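Worksheet: the structure to be examined is printed underneath.
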Amino acid sequence: PGLPTDWTSGTNPADNSSLTSWELGTPANVGPVPPGVPLPSGANCVATNIMGNYDDPATDNGIPHTDIWLRSPAIDLGGATAGTLTFQQWTEIEDVPGDFDYGSIRILDASDDSVLAVMENRTIDGSTSGWEEYSKALPAEAFTATAGTIKVEWQFEADDIDSFAGWYIDDVTVTTP
């Protein structure tokens, strides 16, 4: 499945045998949507392998195996000096001491995709009991972007030991006062 209009995804260097990618759709086999439970809005969300667990373990040697990113379209902050990133998320990510399964959130300069700030550095893991709102002020560095335009990047990393449903994202907004 594709991504929402103007969203992009890709991989960072890992062992390049990952079967995981960011996908748009309605979860059915795993994830936050058992029969009769709706998504926060609409019929689709973006997730790591929308129809199954992230990455099938291949070698079980505990090395980084998946390193993928999802980027929003360019967001014009319009000369603002403050703003908030808000989205809905549902997670089922391995949460064992010493594991390599986690998510990060970065703010990029839309002109060249360089990192302006890291909002979460490998701190998204574990399981939520349902959809939860993530809402956090944009860091000051976001307002130093060339032409005042940023992108939000969600990065997901995992090793090849265990597989879980992953990271599901919906209803992304960036608001300025």
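Just so we're on the same page: first chain in the structure tokens is A, next is B, and so on; residues restart at 1 for each chain, and ligands are numbered from 1 in the order they show up.
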Where does region 25-117 of chain A meet region 123-130 of chain A within 8 Å, residue by residue, with the nearest atom pair and distance in Å to one decimal for each, counting only C-alpha atoms, listed by chain and rising number, as a tab-separated table?
```
residue	atom	partner	partner_atom	distance
A:Pro32	CA	A:Gly130	CA	6.8
A:Trp90	CA	A:Thr128	CA	5.9
A:Thr91	CA	A:Ser127	CA	4.9
A:Glu92	CA	A:Ser127	CA	4.3
A:Ile93	CA	A:Gly126	CA	4.8
A:Glu94	CA	A:Gly126	CA	5.8
A:Asp95	CA	A:Gly126	CA	4.8
A:Asp101	CA	A:Asp125	CA	6.9
A:Tyr102	CA	A:Asp125	CA	4.9
A:Gly103	CA	A:Ile124	CA	4.6
A:Ser104	CA	A:Ile124	CA	6.3
```
Export of the given selection (N, CA, C and O atoms) as a PDB file, in the first residue's frame:
```pdb
ATOM      1  N   PRO A  32      -4.166  -2.161  16.138  1.00  0.00           N
ATOM      2  CA  PRO A  32      -5.148  -1.558  17.033  1.00  0.00           C
ATOM      3  C   PRO A  32      -6.599  -1.730  16.644  1.00  0.00           C
ATOM      4  O   PRO A  32      -7.462  -1.191  17.291  1.00  0.00           O
ATOM      5  N   TRP A  90      -0.643   4.270  18.256  1.00  0.00           N
ATOM      6  CA  TRP A  90      -0.867   2.986  18.918  1.00  0.00           C
ATOM      7  C   TRP A  90       0.418   2.203  18.719  1.00  0.00           C
ATOM      8  O   TRP A  90       0.948   2.148  17.602  1.00  0.00           O
ATOM      9  N   THR A  91       0.960   1.635  19.804  1.00  0.00           N
ATOM     10  CA  THR A  91       2.229   0.917  19.680  1.00  0.00           C
ATOM     11  C   THR A  91       2.145  -0.475  20.302  1.00  0.00           C
ATOM     12  O   THR A  91       1.468  -0.683  21.307  1.00  0.00           O
ATOM     13  N   GLU A  92       2.820  -1.386  19.672  1.00  0.00           N
ATOM     14  CA  GLU A  92       3.146  -2.696  20.226  1.00  0.00           C
ATOM     15  C   GLU A  92       4.546  -3.005  19.713  1.00  0.00           C
ATOM     16  O   GLU A  92       4.736  -3.583  18.649  1.00  0.00           O
ATOM     17  N   ILE A  93       5.529  -2.515  20.486  1.00  0.00           N
ATOM     18  CA  ILE A  93       6.941  -2.589  20.117  1.00  0.00           C
ATOM     19  C   ILE A  93       7.679  -3.308  21.236  1.00  0.00           C
ATOM     20  O   ILE A  93       7.463  -3.000  22.413  1.00  0.00           O
ATOM     21  N   GLU A  94       8.539  -4.241  20.869  1.00  0.00           N
ATOM     22  CA  GLU A  94       9.299  -4.980  21.874  1.00  0.00           C
ATOM     23  C   GLU A  94       9.927  -4.009  22.875  1.00  0.00           C
ATOM     24  O   GLU A  94      10.529  -3.014  22.493  1.00  0.00           O
ATOM     25  N   ASP A  95       9.773  -4.323  24.169  1.00  0.00           N
ATOM     26  CA  ASP A  95      10.284  -3.461  25.235  1.00  0.00           C
ATOM     27  C   ASP A  95      11.001  -4.331  26.259  1.00  0.00           C
ATOM     28  O   ASP A  95      10.474  -4.625  27.322  1.00  0.00           O
ATOM     29  N   ASP A 101      14.526  -2.305  19.514  1.00  0.00           N
ATOM     30  CA  ASP A 101      13.250  -1.967  18.893  1.00  0.00           C
ATOM     31  C   ASP A 101      12.722  -0.678  19.510  1.00  0.00           C
ATOM     32  O   ASP A 101      12.398  -0.662  20.704  1.00  0.00           O
ATOM     33  N   TYR A 102      12.619   0.390  18.702  1.00  0.00           N
ATOM     34  CA  TYR A 102      12.128   1.649  19.218  1.00  0.00           C
ATOM     35  C   TYR A 102      11.861   2.638  18.083  1.00  0.00           C
ATOM     36  O   TYR A 102      12.297   2.451  16.958  1.00  0.00           O
ATOM     37  N   GLY A 103      11.157   3.690  18.455  1.00  0.00           N
ATOM     38  CA  GLY A 103      10.872   4.759  17.520  1.00  0.00           C
ATOM     39  C   GLY A 103      11.487   6.068  17.970  1.00  0.00           C
ATOM     40  O   GLY A 103      11.716   6.280  19.168  1.00  0.00           O
ATOM     41  N   SER A 104      11.753   6.932  16.996  1.00  0.00           N
ATOM     42  CA  SER A 104      12.285   8.274  17.234  1.00  0.00           C
ATOM     43  C   SER A 104      11.483   9.269  16.407  1.00  0.00           C
ATOM     44  O   SER A 104      10.888   8.906  15.386  1.00  0.00           O
TER      45      SER A 104
END
```
Taking the backbone alone, and naming residues the way the document does, which bits of region 23-163 of chain A are strand (DSSP E) by DSSP, as a PyMOL selection string?
chain A and resi 23-25+45-48+64-71+75-76+84-93+102-109+114-124+126-127+132-137+149-159
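Each of A:Ala165, A:Ala145, A:Ala158, A:Ile50 was compared to Asp112 (chain A) using only C-alpha atoms, and A:Ala145 turns out to be the nearest.
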Might you pull out every residue within 12 Å of Gly42 (chain A), with only C-alpha atoms counted and same-chain residues fewer than 3 positions away left off, and present them as a ChimeraX atom specification?
/A:24-26,37-39,45-46,170-171
Closest of A:Ser135, A:Gln89, A:Asn121, A:Thr144 to Asp109 (chain A), counting only C-alpha atoms, is A:Thr144
Tell me which of A:Thr8, A:Thr146, A:Thr20, A:Gln88 sits closest to Ser114 (chain A), counting only C-alpha atoms.
A:Thr146
Tell me which of A:Pro73, A:Gly79, A:Gly2, A:Pro13 sits closest to Glu157 (chain A), counting only C-alpha atoms.
A:Pro13
Contacts of Asp113 (chain A) at 12 Å (only C-alpha atoms; same-chain gap of 2+ positions) as an NGL selection string
:A and (8 or 69-74 or 106-111 or 115-117 or 145-146 or 149-153)
Just the helix (DSSP H, G or I) stuff from chain A, please, per backbone DSSP, written as a list of chain:residue names.
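The helix (DSSP H, G or I) residues within chain A come out as A:Ala140, A:Glu141, A:Ala142, A:Phe143, A:Thr144, A:Thr146, A:Ala147, A:Gly148.
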For Leu85 (chain A), which of A:Leu19, A:Ala43, A:Leu3, A:Ala142 is the closest residue, counting only C-alpha atoms?
A:Ala142
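You will find CA of Thr11 (chain A) at 21.9 Å from CA of Ile75 (chain A).
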With only C-alpha atoms as the atoms that count, which of A:Gln155, A:Thr84, A:Asn12, A:Asn53 lies nearest to Gly31 (chain A)?
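Counting only C-alpha atoms, the residue closest to Gly31 (chain A) is A:Asn53.
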Work out how far CA of Met51 (chain A) is from CA of Val174 (chain A), in Å to one decimal.
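One can read the CA of Val174 (chain A) to CA of Met51 (chain A) distance as 27.7 Å.
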Need the shell around Gly83 (chain A): protein/DNA/RNA residues with any atom at most 6 Å away, counting only C-alpha atoms. Skip same-chain ones fewer than 6 positions apart. Format as number ranges by chain?
A: 137-138, 175-176
